[in-house]
Amino acid sequence: MFNETVLKEINDIRVKYPDRRSALLPSLYIAQREFGWLSHEAMLCVSKALNLPEAEVRGTASFYAMFKNKPVGRHVIQLCTNISCMVLGAEKLVDFIGNKYGVQPGGISQDGRFSLVIMECIGACGTAPAMLVDTDFYDNLSEQRIEEVLGKYK
Amino acid sequence: MEKFLLKNIENPNSADVDEYVKVGGYRNLSKALYMQPKDILEEVKKAGLRGRGGAGFPTGMKWSFAMADPKFPKYLLCNADEGEPGTFKDRPILEKNPHLLIEGMTISGYTLGSEYGYIYIRGEYPYAKDVLKKAIQQAYEKNYLGDNILGKGKRFHLGVYQGAGAYICGEETALIESIEGRKGQPRNKPPFPVNVGAWNMPTIVNNVETLSNLPYVLEIGGEAYSKIGSKDCPGPKLYSVSGCVEKPGVYELPMGTSLKDIIYKHAGGIRNGKKLKAVIPGGISTPVLPAANIDCAMDFVAMQKAGSMLGSGAVIVLDESVCMVKVTYRALKFFEHESCGKCVPCREGTEWLRKILHRIENGQGREGDIELLTDVTWIMSGKTFCPLGDGAAGVVTGMLKYFRNEFEEHIKNGKCEFVS
């Protein structure tokens, strides 16, 4: 269950909106931060904190791409392969990450270090290809730059 | 043209309130508070400002509908859910010039009689979210936000709401559903959000760039503003250029600048000395234009005449080495992923189109596939709940109009000539 500090954080968000339901997305982010992904327990915590039916919490969470419905690695790589990134070689970078770190799109590397998610545009088309690692942003990617960047994430 | 939206952003501290004030920031808010809301509305109408999110609806008209509604409170929502692939025009404002947006929103809030505003920012912009939060805190400390703005007894409160990765939330009613804690699925219209919006109250949803234009409208006056760029769609415009160009980036230019000039004069032309093949002019939901058709003005009216749309002004440049079947397939993969699932033509149609395109791209295309693509796009066009389905269909239709031969060759030869 959420501890008192987290419940206070959620309550502070609740009072910013005319309806408690508006705190749902921010609370799901908090639950994901606390549990690593949106497990059954995490959804139940949100449901109780906001007094919303669990089915509605689950239904809303499953709609959004940034909420994880299964366990993830210690670091989540979110690589864009949409058109601007694609024409500048993003798909080859997916293969490179797969070969080098043993992680396929939608999967986790065997050592649990990385998850790889193919993103639908992260708004960095001018410096494509680009990716987010956790919440850190990297662009102008090449195989060499990916190696340098990912080396920092243990 | 002198920059306004991107003014001072080369300064490494441009997001700081003191740096913004040094270059004239917040003086237009001060000016606004000495004006009557109806007079500000009049300036916006005179300026001819049109929404920069993609639809191009006249801002003054939208505002007047909300102002005429007596219900209170009214809400002002800033659409910072910049999710259209190719679009990153709002990002420099959010990350480097956040006080311009805050100033624009406070002016708008005062004009509309709204005391509460929220910036709905896409989840994929975590850095911009942090910059905005800090800037809002600074604006409160300096009395540009709060219960007694600049000591004039006016009230406006502002918060940031983080989306969670759904392109459809850029559609205004889906954005409202999302901020209310629901799946971001579009609502039926009417009623329009200006009358029944967030939490069932009158709500104005404007794009980041639109709201950031407000201080400029007041600075130079509506009439002077209306003389910038195109007659039908005046003002400065942010164009984001990406793909196969030498100098991709965000360019602030007068609305109506020629697409050819944007690519060749400003973005440095095609990279690696290659030839231009095609341009997707306004983000991937806008129909493609072949290289021969790019001598046209980039505004809402002229682009429609040219057979495409201005959209968000996101220019994606494709050179001669790019396979158009693959581009179409990737676009449809996006639309399938982002379809909210509410209406059948979009939910089923995007998946169907993607599957057909996948087999054509992979050398398993069948005779009749092009006709099938045409049929499915006809079934979708104009028959979906919101513009997402129309956009998906329009992409395929545009590609077939200009690059049908590539689709035919893929099917006939069972392979893609662009794969090395």
# chains A, B, ... in the order shown; residues from 1 in each chain; ligands from 1
$ interface_residues --of "chain A" --to "chain B" --cutoff "8 Å" --atoms "only C-alpha atoms" --output "ChimeraX atom specification"
/A:18-19,21-26,59-61,63-67,82-85,87-88,120-128,135-136
$ residues_around --residues "B:Leu5" --least-positions-apart "2" --cutoff "7 Å" --atoms "only C-alpha atoms" --output "PyMOL selection string"
chain B and resi 3+7+212
$ residues_around --residues "B:Asp18" --least-positions-apart "5" --cutoff "12 Å" --atoms "only C-alpha atoms" --output "VMD selection string"
chain B and resid 13 23 to 26 97 99 135 138 to 139 141 to 142
$ write_last_selection --atoms "N, CA, C and O atoms" --output "mmCIF file, in the first residue's frame"
data_model
loop_
_atom_site.group_PDB
_atom_site.id
_atom_site.type_symbol
_atom_site.label_atom_id
_atom_site.label_comp_id
_atom_site.auth_asym_id
_atom_site.auth_seq_id
_atom_site.Cartn_x
_atom_site.Cartn_y
_atom_site.Cartn_z
ATOM 1 N N ASN B 13 20.203 31.225 -20.520
ATOM 2 C CA ASN B 13 19.267 31.374 -19.393
ATOM 3 C C ASN B 13 17.919 31.937 -19.834
ATOM 4 O O ASN B 13 17.213 32.558 -19.044
ATOM 5 N N VAL B 23 14.378 41.436 -21.758
ATOM 6 C CA VAL B 23 14.135 41.668 -23.196
ATOM 7 C C VAL B 23 12.674 42.079 -23.450
ATOM 8 O O VAL B 23 12.121 41.844 -24.521
ATOM 9 N N GLY B 24 12.079 42.679 -22.437
ATOM 10 C CA GLY B 24 10.736 43.244 -22.635
ATOM 11 C C GLY B 24 9.603 42.339 -22.210
ATOM 12 O O GLY B 24 8.426 42.646 -22.450
ATOM 13 N N GLY B 25 9.920 41.212 -21.586
ATOM 14 C CA GLY B 25 8.885 40.267 -21.171
ATOM 15 C C GLY B 25 7.953 40.840 -20.120
ATOM 16 O O GLY B 25 8.367 41.663 -19.298
ATOM 17 N N TYR B 26 6.722 40.408 -20.172
ATOM 18 C CA TYR B 26 5.623 40.759 -19.252
ATOM 19 C C TYR B 26 5.160 42.215 -19.369
ATOM 20 O O TYR B 26 4.252 42.612 -18.679
ATOM 21 N N ASN B 97 11.503 29.400 -23.884
ATOM 22 C CA ASN B 97 10.805 30.679 -23.743
ATOM 23 C C ASN B 97 9.474 30.476 -23.022
ATOM 24 O O ASN B 97 8.433 30.986 -23.467
ATOM 25 N N HIS B 99 8.154 31.708 -20.367
ATOM 26 C CA HIS B 99 7.436 32.883 -19.839
ATOM 27 C C HIS B 99 6.613 33.583 -20.917
ATOM 28 O O HIS B 99 5.631 34.247 -20.600
ATOM 29 N N ALA B 135 9.203 27.793 -14.260
ATOM 30 C CA ALA B 135 8.827 29.126 -14.759
ATOM 31 C C ALA B 135 7.527 29.598 -14.114
ATOM 32 O O ALA B 135 7.390 30.785 -13.765
ATOM 33 N N GLN B 138 8.271 30.823 -10.682
ATOM 34 C CA GLN B 138 8.890 32.154 -10.740
ATOM 35 C C GLN B 138 7.829 33.231 -11.018
ATOM 36 O O GLN B 138 7.850 34.306 -10.435
ATOM 37 N N ALA B 139 6.888 32.905 -11.932
ATOM 38 C CA ALA B 139 5.850 33.876 -12.287
ATOM 39 C C ALA B 139 4.964 34.185 -11.078
ATOM 40 O O ALA B 139 4.552 35.343 -10.878
ATOM 41 N N GLU B 141 6.024 34.023 -7.940
ATOM 42 C CA GLU B 141 6.861 34.816 -7.023
ATOM 43 C C GLU B 141 6.915 36.284 -7.447
ATOM 44 O O GLU B 141 6.978 37.176 -6.610
ATOM 45 N N LYS B 142 6.895 36.525 -8.764
ATOM 46 C CA LYS B 142 7.007 37.899 -9.262
ATOM 47 C C LYS B 142 5.638 38.542 -9.481
ATOM 48 O O LYS B 142 5.536 39.617 -10.081
#
$ closest_residue --among "A:Leu116, A:Cys80, A:Val72, A:Ile146" --to "A:Trp37" --atoms "only C-alpha atoms"
A:Val72
$ residues_around --residues "stretch 38-42 of chain A" --least-positions-apart "2" --cutoff "6 Å" --atoms "only C-alpha atoms" --output "VMD selection string"
chain A and resid 31 to 32 44 to 45 68 to 69
$ residues_around --residues "B:Asp369" --least-positions-apart "5" --cutoff "10 Å" --atoms "only C-alpha atoms" --output "JSON, numbers by chain"
{"B": [353, 356, 357, 359, 360, 374, 375, 407, 408, 411]}
$ residues_around --residues "B:Gly313" --least-positions-apart "5" --cutoff "8 Å" --atoms "only C-alpha atoms" --output "ChimeraX atom specification"
/B:54,87,238-240,281-283,298
$ residues_around --residues "B:Lys412" --least-positions-apart "2" --cutoff "10 Å" --atoms "only C-alpha atoms" --output "list of chain:residue names"
B:Ile360, B:Gly363, B:Gln364, B:Gly365, B:Arg366, B:Glu367, B:Glu406, B:Phe407, B:Glu408, B:Glu409, B:His410, B:Gly414, B:Lys415
$ select_by_dssp --residues "stretch 44-261 of chain B" --states "helix (DSSP H, G or I)" --output "compact mmCIF listing (two decimals) with C-alpha atoms, in the first residue's frame"
# COMPACT_ATOMS: atom_id res chain seq x y z
CA VAL B 44 -7.11 39.78 -31.63
CA LYS B 45 -9.88 39.92 -34.22
CA LYS B 46 -8.18 42.78 -36.06
CA ALA B 47 -4.92 40.82 -36.03
CA THR B 59 -8.91 32.78 -32.46
CA GLY B 60 -10.97 35.92 -31.89
CA MET B 61 -14.16 34.17 -32.99
CA LYS B 62 -13.48 31.18 -30.74
CA TRP B 63 -12.87 33.50 -27.81
CA SER B 64 -16.02 35.53 -28.44
CA PHE B 65 -18.15 32.35 -28.18
CA ALA B 66 -16.66 31.55 -24.78
CA MET B 67 -16.91 35.16 -23.58
CA ALA B 68 -20.59 35.25 -24.47
CA ARG B 91 9.29 22.62 -28.03
CA PRO B 92 11.61 25.69 -28.20
CA ILE B 93 8.89 27.83 -26.60
CA LEU B 94 8.23 25.27 -23.85
CA GLU B 95 11.88 24.65 -23.08
CA LYS B 96 13.48 28.00 -23.81
CA PRO B 98 8.20 29.42 -21.21
CA HIS B 99 7.44 32.88 -19.84
CA LEU B 100 6.19 33.97 -23.26
CA LEU B 101 3.56 31.24 -23.03
CA ILE B 102 2.74 32.12 -19.42
CA GLU B 103 2.37 35.80 -20.37
CA GLY B 104 0.15 34.86 -23.31
CA MET B 105 -2.01 32.63 -21.15
CA THR B 106 -2.40 35.26 -18.43
CA ILE B 107 -3.45 37.85 -21.02
CA SER B 108 -5.89 35.33 -22.50
CA GLY B 109 -7.24 34.38 -19.06
CA TYR B 110 -7.89 38.04 -18.25
CA THR B 111 -9.59 38.60 -21.63
CA LEU B 112 -11.78 35.51 -21.38
CA PRO B 126 9.67 15.49 -19.31
CA TYR B 127 12.32 18.22 -19.51
CA ALA B 128 9.89 20.81 -20.86
CA LYS B 129 7.47 19.91 -18.06
CA ASP B 130 10.13 20.65 -15.44
CA VAL B 131 11.09 23.93 -17.15
CA LEU B 132 7.45 25.02 -17.23
CA LYS B 133 6.88 24.15 -13.58
CA LYS B 134 9.89 26.21 -12.56
CA ALA B 135 8.83 29.13 -14.76
CA ILE B 136 5.31 29.06 -13.30
CA GLN B 137 6.74 29.14 -9.79
CA GLN B 138 8.89 32.15 -10.74
CA ALA B 139 5.85 33.88 -12.29
CA TYR B 140 3.94 33.41 -9.01
CA GLU B 141 6.86 34.82 -7.02
CA TYR B 167 -1.57 11.28 -29.92
CA ILE B 168 -5.34 11.67 -29.93
CA CYS B 169 -5.13 13.85 -26.81
CA GLY B 170 -4.04 16.67 -29.12
CA GLU B 172 -9.34 19.26 -28.00
CA THR B 173 -12.22 17.14 -26.69
CA ALA B 174 -9.92 14.14 -26.15
CA LEU B 175 -7.56 16.46 -24.29
CA ILE B 176 -10.45 17.47 -22.04
CA GLU B 177 -11.38 13.83 -21.40
CA SER B 178 -7.77 13.14 -20.50
CA ILE B 179 -7.43 16.05 -18.07
CA ALA B 198 -13.58 20.72 -19.03
CA TRP B 199 -15.64 19.77 -15.97
CA ASN B 200 -18.71 20.79 -18.04
CA VAL B 208 1.12 26.82 -27.37
CA GLU B 209 2.07 28.87 -30.41
CA THR B 210 -1.34 30.58 -30.62
CA LEU B 211 -1.20 31.68 -26.99
CA SER B 212 2.42 32.78 -27.36
CA ASN B 213 1.36 35.17 -30.13
CA LEU B 214 -0.85 37.19 -27.78
CA PRO B 215 1.88 39.39 -26.30
CA TYR B 216 3.01 40.23 -29.84
CA VAL B 217 -0.51 41.17 -30.95
CA LEU B 218 -0.67 43.64 -28.05
CA GLU B 219 2.88 44.85 -28.57
CA ILE B 220 2.45 45.96 -32.16
CA GLY B 222 -3.82 44.07 -34.24
CA GLU B 223 -3.59 46.11 -37.40
CA ALA B 224 0.21 45.96 -37.70
CA TYR B 225 0.09 42.23 -36.89
CA SER B 226 -2.44 41.63 -39.67
CA LEU B 259 7.62 25.80 -48.98
CA LYS B 260 10.47 25.85 -51.48
CA ASP B 261 12.17 28.72 -49.61
$ closest_residue --among "A:Ser142, A:Ser62, A:Asn11, A:Ser47" --to "A:Ile97" --atoms "only C-alpha atoms"
A:Ser142
$ select_by_dssp --residues "stretch 107-139 of chain A" --states "strand (DSSP E)" --output "VMD selection string"
chain A and resid 114 to 119 131 to 133 136 to 138
$ write_last_selection --atoms "C-alpha atoms" --output "mmCIF file, in the first residue's frame"
data_model
loop_
_atom_site.group_PDB
_atom_site.id
_atom_site.type_symbol
_atom_site.label_atom_id
_atom_site.label_comp_id
_atom_site.auth_asym_id
_atom_site.auth_seq_id
_atom_site.Cartn_x
_atom_site.Cartn_y
_atom_site.Cartn_z
ATOM 1 C CA PHE A 114 17.240 -2.452 -20.223
ATOM 2 C CA SER A 115 13.735 -2.496 -21.627
ATOM 3 C CA LEU A 116 13.271 -1.338 -25.198
ATOM 4 C CA VAL A 117 10.133 0.459 -26.341
ATOM 5 C CA ILE A 118 9.548 1.677 -29.895
ATOM 6 C CA MET A 119 8.110 5.162 -29.609
ATOM 7 C CA MET A 131 15.429 8.419 -27.727
ATOM 8 C CA LEU A 132 14.533 8.791 -24.087
ATOM 9 C CA VAL A 133 16.369 6.689 -21.508
ATOM 10 C CA ASP A 136 16.735 11.632 -20.043
ATOM 11 C CA PHE A 137 16.663 12.762 -23.628
ATOM 12 C CA TYR A 138 19.288 11.944 -26.312
#
$ atom_distance --atom1 "atom CA of A:Tyr17" --atom2 "atom CA of B:Gly153"
22.8 Å
$ closest_residue --among "B:Pro202, B:Tyr264, B:Arg50, B:Asn272" --to "B:Asp232" --atoms "only C-alpha atoms"
B:Arg50
$ closest_residue --among "B:Ile263, B:Pro345, B:Pro58, B:Lys154" --to "B:Leu41" --atoms "only C-alpha atoms"
B:Pro58
